[in-house]
$ cat upload.cif   # mmCIF, C-alpha atoms
data_structure
#
loop_
_atom_site.label_atom_id
_atom_site.label_comp_id
_atom_site.auth_asym_id
_atom_site.auth_seq_id
_atom_site.Cartn_x
_atom_site.Cartn_y
_atom_site.Cartn_z
CA MET V 1277 124.14 115.90 84.39
CA ALA V 1278 122.94 116.80 80.94
CA SER V 1279 122.09 113.20 80.17
CA ARG V 1280 120.01 112.95 83.33
CA VAL V 1281 118.21 116.16 82.44
CA LEU V 1282 117.59 114.83 78.94
CA ALA V 1283 116.21 111.57 80.33
CA GLN V 1284 113.80 113.49 82.55
CA CYS V 1285 112.64 115.61 79.65
CA VAL V 1286 112.02 112.50 77.57
CA ARG V 1287 109.93 111.13 80.44
CA SER V 1288 107.89 114.32 80.36
CA LEU V 1289 107.25 113.74 76.65
CA ALA V 1290 105.88 110.29 77.45
CA ARG V 1291 103.10 111.85 79.55
CA PRO V 1292 99.65 112.23 77.92
CA SER V 1293 98.57 115.10 75.68
CA GLY V 1294 98.08 118.67 76.76
CA ARG V 1295 101.68 118.98 77.75
CA LEU V 1296 103.41 118.02 74.49
CA SER V 1297 104.11 121.59 73.48
CA ALA V 1298 105.60 122.39 76.85
CA GLY V 1299 107.54 119.11 76.64
CA HIS V 1300 109.19 120.23 73.41
CA LEU V 1301 110.09 123.45 75.18
CA ALA V 1302 111.77 121.43 77.93
CA VAL V 1303 113.75 119.37 75.41
CA ARG V 1304 114.96 122.51 73.70
CA ALA V 1305 115.85 124.01 77.06
CA ALA V 1306 117.77 120.89 78.02
CA VAL V 1307 119.86 121.03 74.86
CA ALA V 1308 121.11 124.44 76.01
CA PRO V 1309 124.34 124.47 78.07
CA ALA V 1310 124.22 122.73 81.42
CA SER V 1311 124.92 125.86 83.45
CA ALA V 1312 121.59 127.40 82.48
CA THR V 1313 119.46 124.35 83.30
CA HIS V 1314 117.99 125.69 86.53
CA ARG V 1315 116.28 128.72 85.12
CA PRO V 1316 114.57 127.08 82.14
CA PHE V 1317 113.34 124.35 84.48
CA SER V 1318 111.67 126.77 86.82
CA PHE V 1319 110.16 128.62 83.85
CA VAL V 1320 108.85 125.40 82.34
CA SER V 1321 107.52 124.02 85.62
CA SER V 1322 105.43 127.08 86.35
CA ASN V 1323 103.66 126.34 83.06
CA GLN V 1324 103.74 122.57 83.25
CA ARG V 1325 103.26 121.80 86.91
CA THR V 1326 104.32 118.18 86.72
CA ARG V 1327 105.24 116.36 89.89
CA TRP V 1328 108.56 114.88 88.80
CA LEU V 1329 109.84 118.38 88.12
CA GLU V 1330 109.21 119.41 91.69
CA GLN V 1331 111.15 116.39 92.86
CA THR V 1332 114.15 117.17 90.64
CA ARG V 1333 114.18 120.84 91.56
CA ILE V 1334 116.24 120.05 94.62
CA SER V 1335 115.69 122.77 97.18
CA SER V 1336 115.45 126.03 95.27
CA VAL V 1337 111.73 126.75 94.90
CA GLY V 1338 109.74 124.74 97.45
CA VAL V 1339 106.76 127.07 97.50
CA LEU V 1340 105.40 125.98 94.15
CA CYS V 1341 105.28 122.31 95.19
CA ARG V 1342 101.94 120.64 94.59
CA GLN V 1343 100.99 117.07 95.30
CA TYR V 1344 98.08 115.71 93.40
CA GLY V 1345 95.83 113.15 95.00
CA ASP V 1346 98.28 111.69 97.49
CA LEU V 1347 98.84 111.93 101.21
CA PRO V 1348 102.12 113.16 102.70
CA PRO V 1349 104.65 110.32 102.90
CA LEU V 1350 104.64 108.24 106.08
CA THR V 1351 107.65 108.20 108.36
CA LEU V 1352 108.22 106.11 111.47
CA GLU V 1353 107.80 109.23 113.60
CA THR V 1354 104.44 110.17 112.13
CA ILE V 1355 103.18 106.60 112.39
CA LYS V 1356 104.18 106.47 116.03
CA ASP V 1357 102.53 109.83 116.75
CA ARG V 1358 99.29 108.80 115.14
CA VAL V 1359 99.21 105.43 116.89
CA MET V 1360 99.80 107.03 120.29
CA TYR V 1361 97.19 109.71 119.57
CA VAL V 1362 94.55 107.13 118.74
CA LEU V 1363 95.45 105.10 121.81
CA LYS V 1364 95.19 108.13 124.07
CA LEU V 1365 91.70 108.79 122.75
CA TYR V 1366 90.59 105.28 123.76
CA ASP V 1367 88.69 105.57 127.00
CA LYS V 1368 89.79 102.30 128.56
CA ILE V 1369 93.45 103.29 128.47
CA ASN V 1370 94.97 105.58 131.07
CA PRO V 1371 96.99 108.12 129.02
CA GLU V 1372 99.60 108.63 131.74
CA LYS V 1373 100.47 104.98 131.92
CA LEU V 1374 100.70 104.56 128.16
CA GLN V 1375 104.12 104.11 126.59
CA THR V 1376 105.37 102.65 123.34
CA SER V 1377 106.40 99.41 124.95
CA SER V 1378 103.43 98.88 127.23
CA HIS V 1379 101.73 95.53 126.71
CA PHE V 1380 97.96 95.81 126.29
CA MET V 1381 97.05 92.81 128.38
CA LYS V 1382 99.79 92.71 131.00
CA ASP V 1383 100.54 96.41 131.61
CA LEU V 1384 97.30 98.13 130.69
CA GLY V 1385 94.96 95.38 131.79
CA LEU V 1386 92.89 95.19 128.63
CA ASP V 1387 90.80 92.34 127.26
CA SER V 1388 91.27 90.48 124.00
CA LEU V 1389 88.12 92.17 122.69
CA ASP V 1390 89.60 95.53 123.71
CA GLN V 1391 92.66 94.66 121.68
CA VAL V 1392 90.38 93.89 118.71
CA GLU V 1393 88.80 97.33 119.12
CA ILE V 1394 92.23 98.96 119.20
CA ILE V 1395 93.29 97.18 116.01
CA MET V 1396 90.05 98.26 114.34
CA ALA V 1397 90.77 101.86 115.36
CA MET V 1398 94.20 101.52 113.72
CA GLU V 1399 92.57 100.15 110.58
CA ASP V 1400 90.28 103.18 110.47
CA GLU V 1401 93.18 105.55 111.08
CA PHE V 1402 95.54 104.21 108.44
CA GLY V 1403 92.94 103.05 105.94
CA PHE V 1404 93.91 99.43 105.27
CA GLU V 1405 92.68 96.06 106.52
CA ILE V 1406 94.64 94.14 109.12
CA PRO V 1407 93.72 90.42 108.99
CA ASP V 1408 92.88 88.77 112.27
CA ALA V 1409 95.65 86.16 112.10
CA GLU V 1410 98.26 88.93 112.28
CA ALA V 1411 96.20 91.29 114.40
CA GLU V 1412 96.06 88.93 117.38
CA LYS V 1413 99.84 89.09 117.73
CA LEU V 1414 100.04 92.90 117.97
CA MET V 1415 100.14 93.42 121.70
CA SER V 1416 101.93 96.76 122.16
CA PRO V 1417 102.08 100.12 120.34
CA GLU V 1418 105.67 99.32 119.29
CA GLU V 1419 104.55 96.20 117.45
CA ILE V 1420 101.68 98.05 115.79
CA VAL V 1421 104.07 100.73 114.50
CA GLN V 1422 106.44 98.05 113.17
CA TYR V 1423 103.63 96.17 111.48
CA ILE V 1424 102.28 99.29 109.76
CA ALA V 1425 105.80 100.25 108.68
CA ASP V 1426 106.23 96.76 107.22
CA LYS V 1427 102.99 96.93 105.32
CA LYS V 1428 103.48 100.46 104.05
CA ASP V 1429 107.18 100.05 103.19
CA VAL V 1430 108.38 102.77 105.55
CA TYR V 1431 111.98 102.48 106.60
CA GLU V 1432 114.76 104.69 107.90
CA MET I 1324 86.52 50.06 141.37
CA ALA I 1325 88.30 53.31 142.00
CA SER I 1326 90.85 52.40 139.34
CA THR I 1327 88.13 51.75 136.73
CA ALA I 1328 86.43 55.05 137.65
CA ALA I 1329 89.76 56.87 137.27
CA SER I 1330 90.46 55.23 133.92
CA ARG I 1331 86.96 56.07 132.71
CA ALA I 1332 87.44 59.69 133.77
CA ALA I 1333 90.78 59.79 131.96
CA ALA I 1334 89.20 58.27 128.85
CA GLY I 1335 86.35 60.84 129.03
CA ALA I 1336 88.81 63.70 129.37
CA THR I 1337 90.70 62.74 126.21
CA LYS I 1338 87.71 61.74 124.09
CA VAL I 1339 88.01 63.04 120.55
CA VAL I 1340 84.79 64.48 119.14
CA LYS I 1341 83.91 65.69 115.68
CA PRO I 1342 84.44 69.45 115.56
CA ILE I 1343 81.78 71.80 114.25
CA PHE I 1344 84.09 74.33 112.62
CA SER I 1345 87.28 74.82 114.59
CA ARG I 1346 89.65 72.14 115.75
CA ASP I 1347 91.11 73.88 118.78
CA LEU I 1348 90.46 76.76 121.12
CA ASP I 1349 92.61 79.27 119.22
CA GLU I 1350 90.66 78.85 116.03
CA ALA I 1351 87.40 79.20 117.94
CA LYS I 1352 88.66 82.40 119.55
CA ARG I 1353 89.62 83.70 116.14
CA ARG I 1354 86.03 83.16 114.97
CA VAL I 1355 84.77 85.00 118.03
CA ARG I 1356 87.02 87.95 117.25
CA GLU I 1357 85.84 88.06 113.63
CA LEU I 1358 82.23 88.06 114.80
CA TYR I 1359 82.98 90.85 117.28
CA ARG I 1360 84.57 92.92 114.52
CA ALA I 1361 81.53 92.46 112.29
CA TRP I 1362 79.14 93.42 115.07
CA TYR I 1363 81.27 96.40 116.11
CA ARG I 1364 81.24 97.77 112.56
CA GLU I 1365 77.54 97.05 112.16
CA VAL I 1366 76.24 98.85 115.26
CA PRO I 1367 76.20 102.44 113.91
CA ASN I 1368 74.41 101.29 110.74
CA THR I 1369 71.90 99.42 112.90
CA VAL I 1370 71.23 102.44 115.08
CA SER I 1371 70.51 104.60 112.04
CA THR I 1372 68.57 101.97 110.05
CA PHE I 1373 66.19 101.00 112.83
CA GLN I 1374 66.12 104.58 114.20
CA LEU I 1375 66.90 103.38 117.68
CA ASP I 1376 66.92 105.85 120.54
CA ILE I 1377 70.33 104.79 121.77
CA THR I 1378 73.79 106.07 120.97
CA ALA I 1379 76.30 103.97 119.04
CA ARG I 1380 78.41 103.74 122.19
CA GLN I 1381 75.51 102.25 124.14
CA GLY I 1382 74.94 99.78 121.32
CA ARG I 1383 78.60 98.76 121.33
CA ASP I 1384 78.54 98.37 125.12
CA LYS I 1385 75.56 96.08 124.75
CA VAL I 1386 77.42 94.01 122.14
CA ARG I 1387 80.37 93.75 124.52
CA GLU I 1388 78.01 92.71 127.32
CA MET I 1389 76.52 89.92 125.21
CA PHE I 1390 80.00 88.68 124.36
CA ASP I 1391 81.16 88.87 127.96
CA LYS I 1392 78.22 86.76 129.11
CA ASN I 1393 79.83 83.76 127.38
CA LYS I 1394 83.42 84.62 128.25
CA HIS I 1395 83.81 81.60 130.51
CA VAL I 1396 83.16 78.97 127.82
CA THR I 1397 86.15 76.80 126.92
CA ASP I 1398 84.70 74.03 124.76
CA PRO I 1399 85.43 74.80 121.05
CA ARG I 1400 82.18 73.20 119.89
CA VAL I 1401 80.08 75.30 122.25
CA ILE I 1402 81.99 78.40 121.17
CA ASP I 1403 81.33 77.51 117.53
CA MET I 1404 77.64 77.06 118.22
CA LEU I 1405 77.48 80.45 119.91
CA VAL I 1406 79.36 82.05 117.02
CA ILE I 1407 76.89 80.52 114.58
CA LYS I 1408 73.98 81.93 116.57
CA GLY I 1409 75.68 85.32 116.68
CA LYS I 1410 76.17 85.23 112.92
CA MET I 1411 72.50 84.44 112.42
CA GLU I 1412 71.55 87.44 114.55
CA LEU I 1413 73.99 89.59 112.60
CA GLN I 1414 72.53 88.48 109.29
CA GLU I 1415 69.02 89.26 110.44
CA THR I 1416 70.17 92.66 111.65
CA ILE I 1417 72.05 93.59 108.49
CA HIS I 1418 69.26 92.58 106.13
CA VAL I 1419 66.63 94.34 108.29
CA TRP I 1420 64.62 91.18 108.69
CA LYS I 1421 64.21 92.18 112.33
CA GLN I 1422 62.37 95.19 113.59
CA LYS I 1423 62.99 97.91 116.12
CA THR I 1424 61.32 95.97 118.90
CA HIS I 1425 63.58 92.98 118.33
CA MET I 1426 66.68 95.14 118.61
CA MET I 1427 65.43 96.85 121.74
CA ARG I 1428 64.69 93.49 123.34
CA TYR I 1429 68.41 93.21 124.00
CA PHE I 1430 68.08 96.10 126.43
CA HIS I 1431 65.37 94.53 128.63
CA GLU I 1432 63.71 97.90 129.16
CA THR I 1433 60.22 96.68 129.96
CA GLU I 1434 61.16 93.81 132.25
CA ALA I 1435 61.07 94.45 135.97
CA PRO I 1436 64.37 93.47 137.61
CA ARG I 1437 64.22 90.39 139.79
CA PRO I 1438 64.67 91.06 143.51
CA ALA I 1439 68.25 90.48 144.59
CA ASP I 1440 68.58 91.29 148.30
CA PHE I 1441 66.69 89.68 151.15
CA LEU I 1442 64.21 92.46 151.88
CA SER I 1443 63.10 92.82 148.24
CA LYS I 1444 62.58 89.09 148.01
CA PHE I 1445 60.61 89.20 151.25
CA TYR I 1446 58.31 91.95 149.98
CA HIS I 1447 57.97 90.21 146.64
CA GLY I 1448 56.56 87.17 148.33
CA HIS I 1449 57.11 83.47 148.20
CA ASP I 1450 55.33 81.78 145.30
CA PRO I 1451 56.27 78.11 145.07
#
$ encode --input "upload.cif" --output "structure tokens"
Amino acid sequence: MASRVLAQCVRSLARPSGRLSAGHLAVRAAVAPASATHRPFSFVSSNQRTRWLEQTRISSVGVLCRQYGDLPPLTLETIKDRVMYVLKLYDKINPEKLQTSSHFMKDLGLDSLDQVEIIMAMEDEFGFEIPDAEAEKLMSPEEIVQYIADKKDVYE
Amino acid sequence: MASTAASRAAAGATKVVKPIFSRDLDEAKRRVRELYRAWYREVPNTVSTFQLDITARQGRDKVREMFDKNKHVTDPRVIDMLVIKGKMELQETIHVWKQKTHMMRYFHETEAPRPADFLSKFYHGHDP
């Protein structure tokens, strides 16, 4: 436990200037007995505000969490919700008939150009390019969710 | 005679021609899809650059209409030729080598529609 805390403090020292003084404080706090590690951490993090500290501070103080310049992490549920939301907004799809496993061409009666438009809407939603060779195989919302999860390294 | 005609028809059906770009129908369809993507993304920029009086949705519907006009084509070389023509139009649109009138020509606003039913054709007259 103490070794892990020490390793994390050393990592904080490796970060660029401006935080070196606070980093020394963290090292000194880590040398103190292991039982008192929680309180010095919360004291230091309110001054330091580094991201790895929030991650180590298990569940105690979640209110002070800040995430700099990054979106919330993707999960399979959120990907599925977003994909279904975008599909429901598309005017050529009947929202009642839409399900995760419905095939675009066979069940929903769409064209290949409609499928291209859907894939482009997904590209705009998730912010990365889907090449046409792989896009022509994505024929249902289920497959789209799986493809995005593959590309974005989202797994259960 | 019938046998030679049949063999000639069979030979014509399996004649191998030099492809323009794509070797089979799938590759040609892939080019069509790429062109459609480029046009789809280009339409809002076109509407704002040329200051057209249409909405982006109308522009995209028109693009879809132009693509659907050639939906029935199955020959890869013909498809390639149409894709090349579409790319030329796209290049002229992106670089603003065209003008507003050229873009609005797609919408056939000033042309009178040809008479379709019998009575309209009758009133229109018979000019050989």
$ resolve_selection --input "upload.cif" --expression "the PyMOL selection byres ((chain V) within 12 of (chain I))" --output "ChimeraX atom specification"
/V:1367,1387-1397,1399-1400,1405-1413
$ residues_near_point --input "upload.cif" --point "(105.7, 103.5, 114.7)" --cutoff "10 Å" --atoms "all atoms listed in the file" --output "list in words"
Leu1350, Thr1351, Leu1352, Glu1353, Thr1354, Ile1355, Lys1356, Asp1357, Arg1358, Val1359, Met1360, Thr1376, Pro1417, Glu1418, Glu1419, Ile1420, Val1421, Gln1422, Tyr1423, Ile1424, Ala1425 and Val1430 of chain V
$ closest_residue --input "upload.cif" --among "V:Leu1365, V:Glu1432, V:Pro1349, V:Ser1416" --to "His1379 (chain V)" --atoms "all atoms listed in the file"
V:Ser1416
$ resolve_selection --input "upload.cif" --expression "the PyMOL selection byres ((chain I and resi 1367-1381) around 12)" --output "VMD selection string"
(chain V and resid 1367) or (chain I and resid 1361 to 1366 1382 to 1388 1413 to 1430)
$ atom_distance --input "upload.cif" --atom1 "CA of Tyr1361 (chain V)" --atom2 "CA of Gly1345 (chain V)"
24.8 Å
$ resolve_selection --input "upload.cif" --expression "the PyMOL selection byres ((chain I and resi 1394-1404) around 6)" --output "PyMOL selection string"
chain I and resi 1343+1348+1351+1391-1393+1405-1407
$ decode --input "upload.cif" --residues "region 1371-1382 of chain I" --atoms "all heavy atoms" --output "PDB file, in the first residue's frame"
ATOM      1  N   SER I1371     -24.248  27.756 -49.155  1.00  0.00           N
ATOM      2  CA  SER I1371     -23.820  29.023 -48.565  1.00  0.00           C
ATOM      3  C   SER I1371     -22.871  29.769 -49.483  1.00  0.00           C
ATOM      4  O   SER I1371     -22.899  31.001 -49.536  1.00  0.00           O
ATOM      5  CB  SER I1371     -23.158  28.766 -47.216  1.00  0.00           C
ATOM      6  OG  SER I1371     -21.849  28.295 -47.406  1.00  0.00           O
ATOM      7  N   THR I1372     -22.029  29.049 -50.259  1.00  0.00           N
ATOM      8  CA  THR I1372     -21.055  29.742 -51.118  1.00  0.00           C
ATOM      9  C   THR I1372     -21.750  30.459 -52.268  1.00  0.00           C
ATOM     10  O   THR I1372     -21.453  31.612 -52.554  1.00  0.00           O
ATOM     11  CB  THR I1372     -20.059  28.730 -51.706  1.00  0.00           C
ATOM     12  OG1 THR I1372     -19.523  27.949 -50.666  1.00  0.00           O
ATOM     13  CG2 THR I1372     -18.935  29.437 -52.420  1.00  0.00           C
ATOM     14  N   PHE I1373     -22.678  29.734 -52.919  1.00  0.00           N
ATOM     15  CA  PHE I1373     -23.346  30.339 -54.066  1.00  0.00           C
ATOM     16  C   PHE I1373     -24.551  31.172 -53.656  1.00  0.00           C
ATOM     17  O   PHE I1373     -25.199  31.768 -54.521  1.00  0.00           O
ATOM     18  CB  PHE I1373     -23.829  29.228 -55.016  1.00  0.00           C
ATOM     19  CG  PHE I1373     -22.723  28.517 -55.733  1.00  0.00           C
ATOM     20  CD1 PHE I1373     -22.108  27.402 -55.178  1.00  0.00           C
ATOM     21  CD2 PHE I1373     -22.288  28.954 -56.965  1.00  0.00           C
ATOM     22  CE1 PHE I1373     -21.095  26.743 -55.827  1.00  0.00           C
ATOM     23  CE2 PHE I1373     -21.279  28.299 -57.633  1.00  0.00           C
ATOM     24  CZ  PHE I1373     -20.677  27.194 -57.058  1.00  0.00           C
ATOM     25  N   GLN I1374     -24.872  31.181 -52.357  1.00  0.00           N
ATOM     26  CA  GLN I1374     -26.031  31.914 -51.831  1.00  0.00           C
ATOM     27  C   GLN I1374     -27.305  31.501 -52.549  1.00  0.00           C
ATOM     28  O   GLN I1374     -28.070  32.331 -53.046  1.00  0.00           O
ATOM     29  CB  GLN I1374     -25.826  33.428 -51.949  1.00  0.00           C
ATOM     30  CG  GLN I1374     -24.714  33.912 -51.044  1.00  0.00           C
ATOM     31  CD  GLN I1374     -24.416  35.371 -51.251  1.00  0.00           C
ATOM     32  OE1 GLN I1374     -25.040  36.025 -52.080  1.00  0.00           O
ATOM     33  NE2 GLN I1374     -23.462  35.881 -50.506  1.00  0.00           N
ATOM     34  N   LEU I1375     -27.496  30.175 -52.601  1.00  0.00           N
ATOM     35  CA  LEU I1375     -28.690  29.672 -53.265  1.00  0.00           C
ATOM     36  C   LEU I1375     -29.902  29.857 -52.368  1.00  0.00           C
ATOM     37  O   LEU I1375     -29.781  29.879 -51.139  1.00  0.00           O
ATOM     38  CB  LEU I1375     -28.511  28.177 -53.575  1.00  0.00           C
ATOM     39  CG  LEU I1375     -27.302  27.801 -54.430  1.00  0.00           C
ATOM     40  CD1 LEU I1375     -27.200  26.307 -54.538  1.00  0.00           C
ATOM     41  CD2 LEU I1375     -27.392  28.427 -55.788  1.00  0.00           C
ATOM     42  N   ASP I1376     -31.083  29.944 -53.004  1.00  0.00           N
ATOM     43  CA  ASP I1376     -32.301  30.166 -52.232  1.00  0.00           C
ATOM     44  C   ASP I1376     -32.991  28.873 -51.874  1.00  0.00           C
ATOM     45  O   ASP I1376     -34.206  28.835 -51.746  1.00  0.00           O
ATOM     46  CB  ASP I1376     -33.262  31.040 -53.050  1.00  0.00           C
ATOM     47  CG  ASP I1376     -32.700  32.418 -53.242  1.00  0.00           C
ATOM     48  OD1 ASP I1376     -32.112  32.942 -52.286  1.00  0.00           O
ATOM     49  OD2 ASP I1376     -32.845  32.966 -54.349  1.00  0.00           O
ATOM     50  N   ILE I1377     -32.223  27.816 -51.727  1.00  0.00           N
ATOM     51  CA  ILE I1377     -32.811  26.534 -51.340  1.00  0.00           C
ATOM     52  C   ILE I1377     -32.249  26.144 -49.988  1.00  0.00           C
ATOM     53  O   ILE I1377     -31.226  26.674 -49.548  1.00  0.00           O
ATOM     54  CB  ILE I1377     -32.476  25.431 -52.378  1.00  0.00           C
ATOM     55  CG1 ILE I1377     -30.964  25.338 -52.573  1.00  0.00           C
ATOM     56  CG2 ILE I1377     -33.151  25.702 -53.686  1.00  0.00           C
ATOM     57  CD1 ILE I1377     -30.528  24.116 -53.296  1.00  0.00           C
ATOM     58  N   THR I1378     -32.924  25.197 -49.331  1.00  0.00           N
ATOM     59  CA  THR I1378     -32.393  24.674 -48.080  1.00  0.00           C
ATOM     60  C   THR I1378     -31.424  23.536 -48.384  1.00  0.00           C
ATOM     61  O   THR I1378     -31.431  22.980 -49.486  1.00  0.00           O
ATOM     62  CB  THR I1378     -33.523  24.136 -47.201  1.00  0.00           C
ATOM     63  OG1 THR I1378     -34.193  23.099 -47.916  1.00  0.00           O
ATOM     64  CG2 THR I1378     -34.491  25.232 -46.845  1.00  0.00           C
ATOM     65  N   ALA I1379     -30.603  23.191 -47.388  1.00  0.00           N
ATOM     66  CA  ALA I1379     -29.648  22.099 -47.583  1.00  0.00           C
ATOM     67  C   ALA I1379     -30.391  20.780 -47.837  1.00  0.00           C
ATOM     68  O   ALA I1379     -29.938  19.929 -48.603  1.00  0.00           O
ATOM     69  CB  ALA I1379     -28.745  21.965 -46.358  1.00  0.00           C
ATOM     70  N   ARG I1380     -31.556  20.630 -47.199  1.00  0.00           N
ATOM     71  CA  ARG I1380     -32.317  19.405 -47.402  1.00  0.00           C
ATOM     72  C   ARG I1380     -32.781  19.287 -48.844  1.00  0.00           C
ATOM     73  O   ARG I1380     -32.725  18.215 -49.451  1.00  0.00           O
ATOM     74  CB  ARG I1380     -33.520  19.407 -46.465  1.00  0.00           C
ATOM     75  CG  ARG I1380     -34.329  18.151 -46.524  1.00  0.00           C
ATOM     76  CD  ARG I1380     -35.474  18.262 -45.578  1.00  0.00           C
ATOM     77  NE  ARG I1380     -35.012  18.122 -44.207  1.00  0.00           N
ATOM     78  CZ  ARG I1380     -35.232  17.056 -43.457  1.00  0.00           C
ATOM     79  NH1 ARG I1380     -35.900  16.055 -43.950  1.00  0.00           N
ATOM     80  NH2 ARG I1380     -34.781  16.991 -42.233  1.00  0.00           N
ATOM     81  N   GLN I1381     -33.252  20.416 -49.415  1.00  0.00           N
ATOM     82  CA  GLN I1381     -33.670  20.378 -50.822  1.00  0.00           C
ATOM     83  C   GLN I1381     -32.481  20.032 -51.711  1.00  0.00           C
ATOM     84  O   GLN I1381     -32.613  19.269 -52.674  1.00  0.00           O
ATOM     85  CB  GLN I1381     -34.221  21.744 -51.244  1.00  0.00           C
ATOM     86  CG  GLN I1381     -35.628  21.999 -50.820  1.00  0.00           C
ATOM     87  CD  GLN I1381     -36.041  23.419 -51.159  1.00  0.00           C
ATOM     88  OE1 GLN I1381     -35.417  24.378 -50.724  1.00  0.00           O
ATOM     89  NE2 GLN I1381     -37.082  23.559 -51.933  1.00  0.00           N
ATOM     90  N   GLY I1382     -31.318  20.612 -51.396  1.00  0.00           N
ATOM     91  CA  GLY I1382     -30.130  20.313 -52.185  1.00  0.00           C
ATOM     92  C   GLY I1382     -29.786  18.835 -52.124  1.00  0.00           C
ATOM     93  O   GLY I1382     -29.467  18.204 -53.135  1.00  0.00           O
TER      94      GLY I1382
END
